[in-house]
$ cat structure-v8.cif   # mmCIF, C-alpha atoms
data_work
#
loop_
_atom_site.group_PDB
_atom_site.id
_atom_site.type_symbol
_atom_site.label_atom_id
_atom_site.label_comp_id
_atom_site.auth_asym_id
_atom_site.auth_seq_id
_atom_site.Cartn_x
_atom_site.Cartn_y
_atom_site.Cartn_z
ATOM 1 C CA MET A 1 11.545 27.832 -1.002
ATOM 2 C CA PHE A 2 9.795 24.996 -2.837
ATOM 3 C CA LYS A 3 6.996 25.989 -5.209
ATOM 4 C CA ILE A 4 3.793 23.959 -5.574
ATOM 5 C CA ILE A 5 3.105 23.637 -9.297
ATOM 6 C CA ARG A 6 0.137 21.252 -9.146
ATOM 7 C CA LYS A 7 -2.506 20.499 -6.548
ATOM 8 C CA LYS A 8 -5.125 17.764 -6.834
ATOM 9 C CA GLN A 9 -7.729 16.780 -4.258
ATOM 10 C CA LEU A 10 -7.853 12.971 -4.360
ATOM 11 C CA ASN A 11 -10.680 12.645 -1.840
ATOM 12 C CA GLU A 12 -12.141 14.700 0.989
ATOM 13 C CA GLN A 13 -8.971 14.486 3.100
ATOM 14 C CA VAL A 14 -6.188 13.331 0.781
ATOM 15 C CA VAL A 15 -4.260 15.844 -1.338
ATOM 16 C CA LEU A 16 -1.592 15.504 -4.039
ATOM 17 C CA PHE A 17 1.090 18.163 -4.537
ATOM 18 C CA GLU A 18 3.674 18.296 -7.300
ATOM 19 C CA ILE A 19 6.566 20.427 -6.051
ATOM 20 C CA GLU A 20 9.583 21.984 -7.736
ATOM 21 C CA ALA A 21 12.596 20.259 -6.151
ATOM 22 C CA PRO A 22 15.158 19.526 -8.890
ATOM 23 C CA PHE A 23 17.970 18.322 -6.625
ATOM 24 C CA ILE A 24 15.670 15.880 -4.829
ATOM 25 C CA ALA A 25 14.070 14.705 -8.087
ATOM 26 C CA ALA A 26 17.530 13.986 -9.532
ATOM 27 C CA LYS A 27 18.287 11.415 -6.813
ATOM 28 C CA ALA A 28 14.911 10.109 -5.627
ATOM 29 C CA GLU A 29 14.056 6.407 -5.820
ATOM 30 C CA ALA A 30 11.068 4.300 -4.798
ATOM 31 C CA GLY A 31 10.855 3.852 -1.036
ATOM 32 C CA GLN A 32 12.500 7.135 -0.079
ATOM 33 C CA PHE A 33 10.898 10.102 1.674
ATOM 34 C CA ILE A 34 11.207 13.811 2.374
ATOM 35 C CA ILE A 35 10.728 15.917 5.487
ATOM 36 C CA PHE A 36 9.005 19.272 5.116
ATOM 37 C CA ARG A 37 8.557 22.366 7.268
ATOM 38 C CA LEU A 38 5.915 24.900 6.339
ATOM 39 C CA ASP A 39 7.968 27.727 7.846
ATOM 40 C CA GLU A 40 10.865 28.266 10.246
ATOM 41 C CA LEU A 41 8.599 27.608 13.244
ATOM 42 C CA GLY A 42 6.901 24.553 11.749
ATOM 43 C CA GLU A 43 7.259 20.962 12.866
ATOM 44 C CA ARG A 44 9.217 18.471 10.776
ATOM 45 C CA VAL A 45 6.836 16.093 8.982
ATOM 46 C CA PRO A 46 7.992 13.054 6.941
ATOM 47 C CA LEU A 47 6.170 12.119 3.728
ATOM 48 C CA THR A 48 7.013 9.420 1.212
ATOM 49 C CA ILE A 49 7.955 10.509 -2.303
ATOM 50 C CA ALA A 50 4.978 9.243 -4.299
ATOM 51 C CA ASP A 51 6.537 10.066 -7.676
ATOM 52 C CA TYR A 52 9.271 12.117 -9.305
ATOM 53 C CA ASP A 53 10.085 13.582 -12.693
ATOM 54 C CA ARG A 54 13.796 14.069 -13.267
ATOM 55 C CA GLN A 55 13.296 16.075 -16.475
ATOM 56 C CA LYS A 56 10.815 18.510 -14.937
ATOM 57 C CA GLY A 57 12.704 18.592 -11.647
ATOM 58 C CA THR A 58 9.617 17.829 -9.577
ATOM 59 C CA ILE A 59 8.556 15.420 -6.859
ATOM 60 C CA THR A 60 5.039 14.385 -5.905
ATOM 61 C CA ILE A 61 3.796 13.990 -2.344
ATOM 62 C CA ILE A 62 0.415 12.685 -1.233
ATOM 63 C CA PHE A 63 -0.846 13.308 2.282
ATOM 64 C CA GLN A 64 -3.904 13.049 4.471
ATOM 65 C CA ALA A 65 -4.854 16.300 6.206
ATOM 66 C CA VAL A 66 -5.396 15.041 9.760
ATOM 67 C CA GLY A 67 -2.961 16.959 11.988
ATOM 68 C CA ALA A 68 -2.118 20.646 12.381
ATOM 69 C CA SER A 69 0.775 20.714 9.915
ATOM 70 C CA THR A 70 -0.856 18.617 7.203
ATOM 71 C CA MET A 71 -4.075 20.610 7.517
ATOM 72 C CA MET A 72 -2.119 23.838 7.024
ATOM 73 C CA LEU A 73 -0.230 22.222 4.145
ATOM 74 C CA GLY A 74 -3.543 21.313 2.546
ATOM 75 C CA GLU A 75 -4.612 24.962 2.629
ATOM 76 C CA LEU A 76 -1.791 25.915 0.251
ATOM 77 C CA ASN A 77 -2.489 26.225 -3.468
ATOM 78 C CA GLU A 78 -0.637 26.134 -6.766
ATOM 79 C CA GLY A 79 1.950 28.907 -6.801
ATOM 80 C CA ASP A 80 2.423 28.858 -3.032
ATOM 81 C CA CYS A 81 5.738 27.770 -1.521
ATOM 82 C CA ILE A 82 6.867 25.455 1.261
ATOM 83 C CA SER A 83 9.789 26.776 3.290
ATOM 84 C CA ASP A 84 11.841 23.587 3.653
ATOM 85 C CA VAL A 85 11.834 20.224 1.873
ATOM 86 C CA VAL A 86 14.737 17.897 2.693
ATOM 87 C CA GLY A 87 15.479 14.682 0.835
ATOM 88 C CA PRO A 88 15.652 12.155 -0.527
ATOM 89 C CA LEU A 89 15.944 10.448 2.852
ATOM 90 C CA GLY A 90 15.993 6.771 3.768
ATOM 91 C CA VAL A 91 17.248 3.783 1.828
ATOM 92 C CA ALA A 92 15.686 3.116 -1.567
ATOM 93 C CA THR A 93 13.830 -0.176 -1.833
ATOM 94 C CA GLU A 94 16.138 -3.051 -2.752
ATOM 95 C CA TYR A 95 14.566 -5.737 -4.899
ATOM 96 C CA GLY A 96 15.727 -9.320 -5.148
ATOM 97 C CA ASP A 97 17.725 -10.607 -8.081
ATOM 98 C CA ASN A 98 15.836 -12.086 -11.024
ATOM 99 C CA ILE A 99 12.384 -11.334 -9.616
ATOM 100 C CA LYS A 100 9.599 -12.014 -12.095
ATOM 101 C CA LYS A 101 6.348 -11.681 -10.155
ATOM 102 C CA VAL A 102 5.569 -9.440 -7.169
ATOM 103 C CA ALA A 103 2.448 -8.579 -5.197
ATOM 104 C CA VAL A 104 2.375 -4.946 -4.076
ATOM 105 C CA ILE A 105 -0.193 -4.157 -1.399
ATOM 106 C CA GLY A 106 -1.382 -0.742 -0.261
ATOM 107 C CA GLY A 107 -3.827 0.102 2.485
ATOM 108 C CA GLY A 108 -5.637 3.457 2.347
ATOM 109 C CA VAL A 109 -3.191 6.350 2.016
ATOM 110 C CA GLY A 110 -0.470 3.664 1.919
ATOM 111 C CA CYS A 111 -1.435 3.279 -1.743
ATOM 112 C CA ALA A 112 0.464 6.537 -2.324
ATOM 113 C CA ILE A 113 3.580 4.582 -1.342
ATOM 114 C CA ALA A 114 2.564 1.348 -3.060
ATOM 115 C CA TYR A 115 2.175 3.230 -6.346
ATOM 116 C CA PRO A 116 5.872 4.175 -6.829
ATOM 117 C CA GLN A 117 6.870 0.638 -5.836
ATOM 118 C CA ALA A 118 4.586 -0.842 -8.488
ATOM 119 C CA LYS A 119 5.741 1.729 -11.045
ATOM 120 C CA LYS A 120 9.417 0.922 -10.464
ATOM 121 C CA LEU A 121 8.815 -2.826 -10.749
ATOM 122 C CA HIS A 122 6.582 -2.392 -13.798
ATOM 123 C CA ASN A 123 9.319 -0.379 -15.524
ATOM 124 C CA MET A 124 11.760 -3.203 -14.700
ATOM 125 C CA GLY A 125 9.511 -5.620 -16.605
ATOM 126 C CA VAL A 126 8.222 -7.384 -13.492
ATOM 127 C CA ASP A 127 4.739 -8.913 -13.427
ATOM 128 C CA VAL A 128 2.922 -6.859 -10.752
ATOM 129 C CA ASP A 129 -0.292 -7.746 -8.947
ATOM 130 C CA LEU A 130 -1.333 -4.608 -7.081
ATOM 131 C CA ILE A 131 -3.844 -5.000 -4.243
ATOM 132 C CA ALA A 132 -5.326 -1.760 -2.915
ATOM 133 C CA GLY A 133 -7.540 -1.692 0.159
ATOM 134 C CA PHE A 134 -9.946 1.044 1.268
ATOM 135 C CA ARG A 135 -12.803 1.330 3.734
ATOM 136 C CA SER A 136 -15.290 2.334 1.041
ATOM 137 C CA LYS A 137 -15.616 3.523 -2.556
ATOM 138 C CA ASP A 138 -15.693 7.243 -1.714
ATOM 139 C CA ILE A 139 -12.101 7.321 -0.405
ATOM 140 C CA ILE A 140 -10.399 5.391 -3.232
ATOM 141 C CA ILE A 141 -7.345 7.193 -4.619
ATOM 142 C CA LEU A 142 -5.021 6.712 -7.609
ATOM 143 C CA GLU A 143 -7.082 3.980 -9.278
ATOM 144 C CA ASP A 144 -6.123 4.958 -12.837
ATOM 145 C CA GLU A 145 -2.494 5.525 -11.904
ATOM 146 C CA MET A 146 -2.223 2.143 -10.160
ATOM 147 C CA LYS A 147 -3.911 0.379 -13.062
ATOM 148 C CA ALA A 148 -1.334 1.849 -15.461
ATOM 149 C CA VAL A 149 1.629 0.405 -13.524
ATOM 150 C CA SER A 150 0.314 -3.067 -12.703
ATOM 151 C CA THR A 151 -0.407 -6.249 -14.583
ATOM 152 C CA ASN A 152 -3.517 -6.788 -12.473
ATOM 153 C CA LEU A 153 -5.142 -4.283 -10.107
ATOM 154 C CA HIS A 154 -7.356 -5.670 -7.340
ATOM 155 C CA ILE A 155 -9.313 -3.124 -5.310
ATOM 156 C CA CYS A 156 -10.849 -4.243 -2.020
ATOM 157 C CA THR A 157 -13.319 -2.333 0.141
ATOM 158 C CA ASP A 158 -14.298 -3.223 3.688
ATOM 159 C CA ASP A 159 -17.990 -2.590 2.975
ATOM 160 C CA GLY A 160 -18.079 -4.070 -0.528
ATOM 161 C CA SER A 161 -19.086 -0.755 -2.122
ATOM 162 C CA TYR A 162 -16.457 -1.241 -4.856
ATOM 163 C CA GLY A 163 -14.270 -4.074 -6.074
ATOM 164 C CA SER A 164 -13.988 -7.124 -3.814
ATOM 165 C CA LYS A 165 -15.529 -7.046 -0.369
ATOM 166 C CA GLY A 166 -13.019 -7.793 2.351
ATOM 167 C CA PHE A 167 -9.456 -7.076 3.415
ATOM 168 C CA VAL A 168 -6.283 -7.086 1.347
ATOM 169 C CA THR A 169 -5.149 -10.170 3.272
ATOM 170 C CA ASP A 170 -8.188 -12.053 1.942
ATOM 171 C CA LYS A 171 -7.343 -11.139 -1.642
ATOM 172 C CA LEU A 172 -3.647 -11.990 -1.241
ATOM 173 C CA LYS A 173 -4.484 -15.384 0.242
ATOM 174 C CA GLU A 174 -6.914 -16.034 -2.605
ATOM 175 C CA LEU A 175 -4.269 -15.168 -5.208
ATOM 176 C CA ILE A 176 -1.594 -17.316 -3.555
ATOM 177 C CA GLU A 177 -3.909 -20.298 -3.174
ATOM 178 C CA SER A 178 -5.038 -19.982 -6.796
ATOM 179 C CA GLY A 179 -1.475 -20.714 -7.898
ATOM 180 C CA ASN A 180 0.298 -17.366 -8.168
ATOM 181 C CA LYS A 181 3.985 -17.790 -7.389
ATOM 182 C CA TYR A 182 5.257 -14.518 -5.952
ATOM 183 C CA ASP A 183 8.974 -13.887 -5.612
ATOM 184 C CA GLU A 184 8.240 -11.036 -3.208
ATOM 185 C CA VAL A 185 5.394 -9.241 -1.494
ATOM 186 C CA ILE A 186 5.651 -5.526 -0.695
ATOM 187 C CA ALA A 187 3.145 -4.198 1.836
ATOM 188 C CA ILE A 188 2.550 -0.567 2.825
ATOM 189 C CA GLY A 189 -0.251 0.683 5.038
ATOM 190 C CA PRO A 190 -1.491 0.549 8.625
ATOM 191 C CA VAL A 191 0.857 -1.345 10.936
ATOM 192 C CA ILE A 192 -1.801 -3.941 11.760
ATOM 193 C CA MET A 193 -2.277 -4.609 8.030
ATOM 194 C CA MET A 194 1.458 -5.086 7.452
ATOM 195 C CA LYS A 195 1.642 -7.394 10.476
ATOM 196 C CA PHE A 196 -1.052 -9.717 9.168
ATOM 197 C CA ILE A 197 0.301 -9.655 5.603
ATOM 198 C CA SER A 198 3.657 -10.774 7.013
ATOM 199 C CA LYS A 199 2.014 -13.505 9.104
ATOM 200 C CA LEU A 200 0.155 -14.703 6.003
ATOM 201 C CA THR A 201 3.205 -14.925 3.738
ATOM 202 C CA GLU A 202 5.606 -16.455 6.262
ATOM 203 C CA PRO A 203 4.315 -20.064 6.012
ATOM 204 C CA TYR A 204 4.638 -19.826 2.221
ATOM 205 C CA GLY A 205 8.244 -18.633 2.484
ATOM 206 C CA ILE A 206 7.526 -15.511 0.411
ATOM 207 C CA LYS A 207 9.946 -12.671 1.072
ATOM 208 C CA THR A 208 7.914 -9.742 2.421
ATOM 209 C CA ILE A 209 9.034 -6.120 2.563
ATOM 210 C CA VAL A 210 7.172 -3.618 4.732
ATOM 211 C CA SER A 211 7.563 0.164 4.899
ATOM 212 C CA LEU A 212 7.462 1.235 8.543
ATOM 213 C CA ASN A 213 6.045 4.471 9.884
ATOM 214 C CA PRO A 214 7.287 4.972 13.451
ATOM 215 C CA ILE A 215 7.378 8.350 15.190
ATOM 216 C CA MET A 216 10.047 10.344 13.341
ATOM 217 C CA ILE A 217 11.611 13.713 14.167
ATOM 218 C CA ASP A 218 14.929 14.615 12.568
ATOM 219 C CA GLY A 219 15.215 12.023 9.799
ATOM 220 C CA THR A 220 18.973 11.683 10.234
ATOM 221 C CA GLY A 221 19.228 8.992 12.929
ATOM 222 C CA MET A 222 20.334 11.364 15.698
ATOM 223 C CA CYS A 223 17.132 11.651 17.750
ATOM 224 C CA GLY A 224 16.406 7.917 18.008
ATOM 225 C CA GLY A 225 12.672 8.523 17.887
ATOM 226 C CA CYS A 226 12.063 6.155 14.975
ATOM 227 C CA ARG A 227 13.754 3.112 16.471
ATOM 228 C CA VAL A 228 12.234 -0.253 15.698
ATOM 229 C CA THR A 229 13.219 -3.794 16.595
ATOM 230 C CA VAL A 230 14.053 -5.973 13.603
ATOM 231 C CA ASP A 231 15.407 -9.490 14.076
ATOM 232 C CA GLY A 232 15.982 -8.676 17.742
ATOM 233 C CA LYS A 233 18.161 -5.650 16.984
ATOM 234 C CA ILE A 234 17.461 -1.923 17.207
ATOM 235 C CA ARG A 235 17.173 -0.232 13.827
ATOM 236 C CA TYR A 236 16.262 3.326 12.855
ATOM 237 C CA ALA A 237 13.620 3.696 10.168
ATOM 238 C CA CYS A 238 14.964 7.015 8.883
ATOM 239 C CA VAL A 239 18.466 5.768 8.030
ATOM 240 C CA ASP A 240 18.202 1.948 8.036
ATOM 241 C CA GLY A 241 14.748 1.891 6.428
ATOM 242 C CA PRO A 242 11.944 2.621 6.057
ATOM 243 C CA ASP A 243 11.830 -0.811 4.358
ATOM 244 C CA PHE A 244 12.435 -3.923 6.456
ATOM 245 C CA ASP A 245 11.884 -7.673 6.316
ATOM 246 C CA GLY A 246 8.311 -8.068 7.521
ATOM 247 C CA HIS A 247 9.015 -11.490 8.979
ATOM 248 C CA LYS A 248 11.587 -9.993 11.364
ATOM 249 C CA VAL A 249 9.785 -6.850 12.565
ATOM 250 C CA ASP A 250 8.440 -6.636 16.121
ATOM 251 C CA PHE A 251 5.053 -5.221 15.115
ATOM 252 C CA ASP A 252 3.594 -5.352 18.620
ATOM 253 C CA GLU A 253 6.373 -3.124 19.936
ATOM 254 C CA LEU A 254 5.945 -0.761 16.975
ATOM 255 C CA MET A 255 2.216 -0.413 17.595
ATOM 256 C CA LYS A 256 2.829 0.249 21.276
ATOM 257 C CA ARG A 257 5.444 2.923 20.538
ATOM 258 C CA ASN A 258 3.238 4.583 17.927
ATOM 259 C CA SER A 259 0.515 4.999 20.558
ATOM 260 C CA THR A 260 2.887 6.665 23.059
ATOM 261 C CA TYR A 261 1.239 10.069 22.600
ATOM 262 C CA LYS A 262 -2.288 8.807 22.004
ATOM 263 C CA LYS A 263 -3.654 10.569 25.087
ATOM 264 C CA GLN A 264 -2.024 13.888 24.160
ATOM 265 C CA GLU A 265 -3.262 13.588 20.568
ATOM 266 C CA ALA A 266 -6.825 12.967 21.770
ATOM 267 C CA GLU A 267 -6.684 15.996 24.051
ATOM 268 C CA HIS A 268 -5.039 18.282 21.483
ATOM 269 C CA VAL A 269 -7.199 21.257 20.480
ATOM 270 C CA CYS A 270 -6.556 22.148 16.868
ATOM 271 C CA ARG A 271 -5.755 25.831 16.428
ATOM 272 C CA LEU A 272 -7.207 25.714 12.908
ATOM 273 C CA THR A 273 -10.642 24.332 13.699
ATOM 274 C CA GLY A 274 -10.952 24.794 17.446
ATOM 275 C CA GLY A 275 -11.852 21.128 17.731
ATOM 276 C CA LYS A 276 -10.023 18.026 18.863
ATOM 277 C CA LYS A 277 -7.958 16.311 16.200
ATOM 278 C CA ASN A 278 -5.830 13.190 16.183
ATOM 279 C CA GLY A 279 -2.403 13.428 14.543
#

$ encode --input "structure-v8.cif" --output "structure tokens"
Amino acid sequence: MFKIIRKKQLNEQVVLFEIEAPFIAAKAEAGQFIIFRLDELGERVPLTIADYDRQKGTITIIFQAVGASTMMLGELNEGDCISDVVGPLGVATEYGDNIKKVAVIGGGVGCAIAYPQAKKLHNMGVDVDLIAGFRSKDIIILEDEMKAVSTNLHICTDDGSYGSKGFVTDKLKELIESGNKYDEVIAIGPVIMMKFISKLTEPYGIKTIVSLNPIMIDGTGMCGGCRVTVDGKIRYACVDGPDFDGHKVDFDELMKRNSTYKKQEAEHVCRLTGGKKNG
């Protein structure tokens, strides 16, 4: 059993948990994830490790309560326990040699994954421009935390209610064209966002890493559910990723595969609320 020692509501739907998991905390690195089950009958749900504290023996997860399992997870409180937490899974992010300046980009809840990337780079002495995109001011998360681990934090909102109005691609293009020389760009968020970030950086020859989120079941590479095409070859996000070269990912195929169960998700009646829920 894995005890929740801290719970924080980041916005109406997004929740942060700090969980006692000393063996996972001892090995975790930026880019890796866990899979949890609420109980022995629960589904297996992957979540990125947003932070870890080796001394305290804790890991931090951040999730959006949109599906049955994450909604039930969000109902738990400090002192409650999660039945199973497996990790760290996946390959830790590999950074290039002698990198000096990196742009880290997060979209929405993807900022929970962008944060540990920026923190790792910041602790390595790298100059980090962190670009965080949200639909509006009321759903912004981790602003103070992101500011603490970046050289410059740029927040963008679609409606202009906070920070710069526009998309993260607009801000990245502005920064590149103003003379910033990035050794790498790391992008985490909606697939469509990562696709267009990769298309933007390719003509500039900037190495771009994306963290993919295909349908995942077992997290060990046996089920094949998380397969993606990278550079024309089949890869499995759970054991080969989740990080891949954004210029080599078949994003159109990924988006198509992620919508495989769209009809079933739309028709699903949530047992918690009695209403229809996606996810």

$ residues_near_point --input "structure-v8.cif" --point "(13.1, 7.9, 1.3)" --cutoff "6 Å" --atoms "only C-alpha atoms" --output "ChimeraX atom specification"
/A:31-33,88-91

$ closest_residue --input "structure-v8.cif" --among "A:Ala21, A:Ile186, A:Ile61, A:Cys81" --to "A:Tyr95" --atoms "only C-alpha atoms"
A:Ile186

$ resolve_selection --input "structure-v8.cif" --expression "the PyMOL selection byres ((chain A and resi 219) around 8)" --output "list in words"
Ile35, Pro46, Leu89, Met216, Ile217, Asp218, Thr220, Gly221, Met222, Cys238 and Val239 of chain A

$ closest_residue --input "structure-v8.cif" --among "A:Phe63, A:Tyr182, A:Phe2, A:Tyr162" --to "A:Ile99" --atoms "all atoms listed in the file"
A:Tyr182

$ residues_around --input "structure-v8.cif" --residues "A:Leu153" --least-positions-apart "2" --cutoff "12 Å" --atoms "only C-alpha atoms" --output "PyMOL selection string"
chain A and resi 103-106+111+114-115+118+127-133+142-151+155-156+163-164+168+171-172+175

$ write_last_selection --input "structure-v8.cif" --atoms "C-alpha atoms" --output "CSV table (one decimal), keeping the file's coordinate frame"
chain,number,residue,atom,x,y,z
A,103,ALA,CA,2.4,-8.6,-5.2
A,104,VAL,CA,2.4,-4.9,-4.1
A,105,ILE,CA,-0.2,-4.2,-1.4
A,106,GLY,CA,-1.4,-0.7,-0.3
A,111,CYS,CA,-1.4,3.3,-1.7
A,114,ALA,CA,2.6,1.3,-3.1
A,115,TYR,CA,2.2,3.2,-6.3
A,118,ALA,CA,4.6,-0.8,-8.5
A,127,ASP,CA,4.7,-8.9,-13.4
A,128,VAL,CA,2.9,-6.9,-10.8
A,129,ASP,CA,-0.3,-7.7,-8.9
A,130,LEU,CA,-1.3,-4.6,-7.1
A,131,ILE,CA,-3.8,-5.0,-4.2
A,132,ALA,CA,-5.3,-1.8,-2.9
A,133,GLY,CA,-7.5,-1.7,0.2
A,142,LEU,CA,-5.0,6.7,-7.6
A,143,GLU,CA,-7.1,4.0,-9.3
A,144,ASP,CA,-6.1,5.0,-12.8
A,145,GLU,CA,-2.5,5.5,-11.9
A,146,MET,CA,-2.2,2.1,-10.2
A,147,LYS,CA,-3.9,0.4,-13.1
A,148,ALA,CA,-1.3,1.8,-15.5
A,149,VAL,CA,1.6,0.4,-13.5
A,150,SER,CA,0.3,-3.1,-12.7
A,151,THR,CA,-0.4,-6.2,-14.6
A,155,ILE,CA,-9.3,-3.1,-5.3
A,156,CYS,CA,-10.8,-4.2,-2.0
A,163,GLY,CA,-14.3,-4.1,-6.1
A,164,SER,CA,-14.0,-7.1,-3.8
A,168,VAL,CA,-6.3,-7.1,1.3
A,171,LYS,CA,-7.3,-11.1,-1.6
A,172,LEU,CA,-3.6,-12.0,-1.2
A,175,LEU,CA,-4.3,-15.2,-5.2

$ resolve_selection --input "structure-v8.cif" --expression "the PyMOL selection byres ((chain A and resi 93) around 10)" --output "list of chain:residue names"
A:Glu29, A:Ala30, A:Gly31, A:Gln32, A:Gly90, A:Val91, A:Ala92, A:Glu94, A:Tyr95, A:Gly96, A:Gln117, A:Lys120, A:Ile186, A:Ile209, A:Val210, A:Ser211, A:Gly241, A:Pro242, A:Asp243, A:Phe244

$ closest_residue --input "structure-v8.cif" --among "A:Ser69, A:Ser198, A:Asn213, A:Asn11" --to "A:Val249" --atoms "all atoms listed in the file"
A:Ser198

$ closest_residue --input "structure-v8.cif" --among "A:Val45, A:Met1, A:Val102, A:Ile140" --to "A:His122" --atoms "only C-alpha atoms"
A:Val102

$ closest_residue --input "structure-v8.cif" --among "A:Met124, A:Met193, A:Val230, A:Leu38" --to "A:Glu75" --atoms "all atoms listed in the file"
A:Leu38

$ atom_distance --input "structure-v8.cif" --atom1 "atom CA of A:Phe251" --atom2 "atom CA of A:Ala112"
21.5 Å

$ closest_residue --input "structure-v8.cif" --among "A:Arg54, A:Lys181, A:Arg37, A:Lys101" --to "A:Thr70" --atoms "only C-alpha atoms"
A:Arg37
